[in-house]
Every structure is written in C-alpha cells, then in structure tokens.
Amino acid sequence: MVEKFVERFAALLSAHPDEIRVEKTTIEDGLCEIIIYANQTDAGKIIGKEGKMINALKTVISGCKAKDNISYKISVKPNK
C-alpha cells in the first residue's frame, strides 16, 4: 500500500512518470526501506528545494506507522 502511494506521488512530480520505479525492502523487523528510482532530472524534483518535498512525503508515510507498526526509510536514486 505505501509503495503504491509513493510511486503515484513521485509520478505526479515527475516529467518522466513512466521511468519511476519503487522498491520496498525489509531492513529489519519493523523497518523497511523504500527506494524511488527516477530519471536523473526528476530526482531533484522529488527531493525538492531544501528537501521539502521528500520531507513532506516522509511525514505522510510516518502516519502509516500507526496502522501497520512499521517505520519507513525513503531514498531517491537515479535510474541506471
């Protein structure tokens, strides 16, 4: 559920929404990492000026912790 939301959010911000890919991996019990792979020019848009967009996304995702008791770490990487 969370990764689908992150993917849609990133696609809305992106100039190349077809290149957005999201992977979710479990780091340890109760902690998952969500990696957003985007076009190199879109990575900056997703992060935002002074990190405001990615921080807003992290704030929304932190609300999911109350429901499923899992913390999320989010990072943005350019497509290879």
# chains A, B, ... in the order shown; residues from 1 in each chain; ligands from 1
>>> residues_around(residues="Tyr37 of chain A", least_positions_apart="2", cutoff="8 Å", atoms="only C-alpha atoms", output="count of residues only")
11
>>> residues_around(residues="Leu31 of chain A", least_positions_apart="5", cutoff="7 Å", atoms="only C-alpha atoms", output="PyMOL selection string")
chain A and resi 26+70-72
>>> closest_residue(among="A:Cys32, A:Lys52, A:Asp42, A:Glu23", to="Cys64 of chain A", atoms="only C-alpha atoms")
A:Cys32
>>> select_by_dssp(residues="chain A", states="alpha helix (DSSP H)", output="VMD selection string")
chain A and resid 2 to 13 40 to 47 52 to 68
>>> closest_residue(among="A:Ile47, A:Ile34, A:Lys80, A:Pro17", to="Ile61 of chain A", atoms="only C-alpha atoms")
A:Ile34
>>> atom_distance(atom1="atom CA of Asp18 of chain A", atom2="atom CA of Val60 of chain A")
23.3 Å
>>> residues_around(residues="Ile54 of chain A", least_positions_apart="5", cutoff="9 Å", atoms="only C-alpha atoms", output="CSV table (one decimal) with all heavy atoms, in the first residue's frame")
chain,number,residue,atom,x,y,z
A,46,ILE,N,11.7,15.4,-7.0
A,46,ILE,CA,11.1,14.6,-6.0
A,46,ILE,C,11.7,15.0,-4.6
A,46,ILE,O,11.0,15.0,-3.6
A,46,ILE,CB,11.3,13.1,-6.3
A,46,ILE,CG1,10.6,12.7,-7.6
A,46,ILE,CG2,10.9,12.2,-5.1
A,46,ILE,CD1,10.9,11.4,-8.1
A,47,ILE,N,13.0,15.3,-4.6
A,47,ILE,CA,13.6,15.7,-3.3
A,47,ILE,C,13.1,17.1,-2.9
A,47,ILE,O,12.8,17.4,-1.8
A,47,ILE,CB,15.1,15.7,-3.4
A,47,ILE,CG1,15.6,14.2,-3.6
A,47,ILE,CG2,15.8,16.3,-2.2
A,47,ILE,CD1,17.0,14.0,-3.9
A,48,GLY,N,13.0,18.0,-3.9
A,48,GLY,CA,12.5,19.4,-3.7
A,48,GLY,C,13.6,20.3,-3.1
A,48,GLY,O,14.7,19.9,-2.7
A,59,THR,N,6.7,12.6,6.1
A,59,THR,CA,5.7,12.9,7.1
A,59,THR,C,4.4,12.2,6.9
A,59,THR,O,3.8,11.6,7.8
A,59,THR,CB,5.4,14.5,7.2
A,59,THR,OG1,6.6,15.2,7.4
A,59,THR,CG2,4.3,14.8,8.2
A,74,ILE,N,13.0,6.4,3.4
A,74,ILE,CA,12.8,6.7,2.0
A,74,ILE,C,14.1,7.3,1.4
A,74,ILE,O,14.6,8.3,2.0
A,74,ILE,CB,11.6,7.6,1.8
A,74,ILE,CG1,10.3,7.0,2.4
A,74,ILE,CG2,11.4,8.0,0.3
A,74,ILE,CD1,9.1,7.9,2.3
A,75,SER,N,14.5,6.9,0.2
A,75,SER,CA,15.6,7.5,-0.5
A,75,SER,C,15.3,7.5,-2.0
A,75,SER,O,14.4,6.8,-2.5
A,75,SER,CB,16.9,6.7,-0.3
A,75,SER,OG,16.7,5.4,-0.6
A,76,VAL,N,15.9,8.5,-2.7
A,76,VAL,CA,15.7,8.7,-4.1
A,76,VAL,C,17.0,8.4,-4.8
A,76,VAL,O,18.1,9.0,-4.4
A,76,VAL,CB,15.2,10.1,-4.4
A,76,VAL,CG1,15.0,10.3,-5.9
A,76,VAL,CG2,13.9,10.4,-3.7
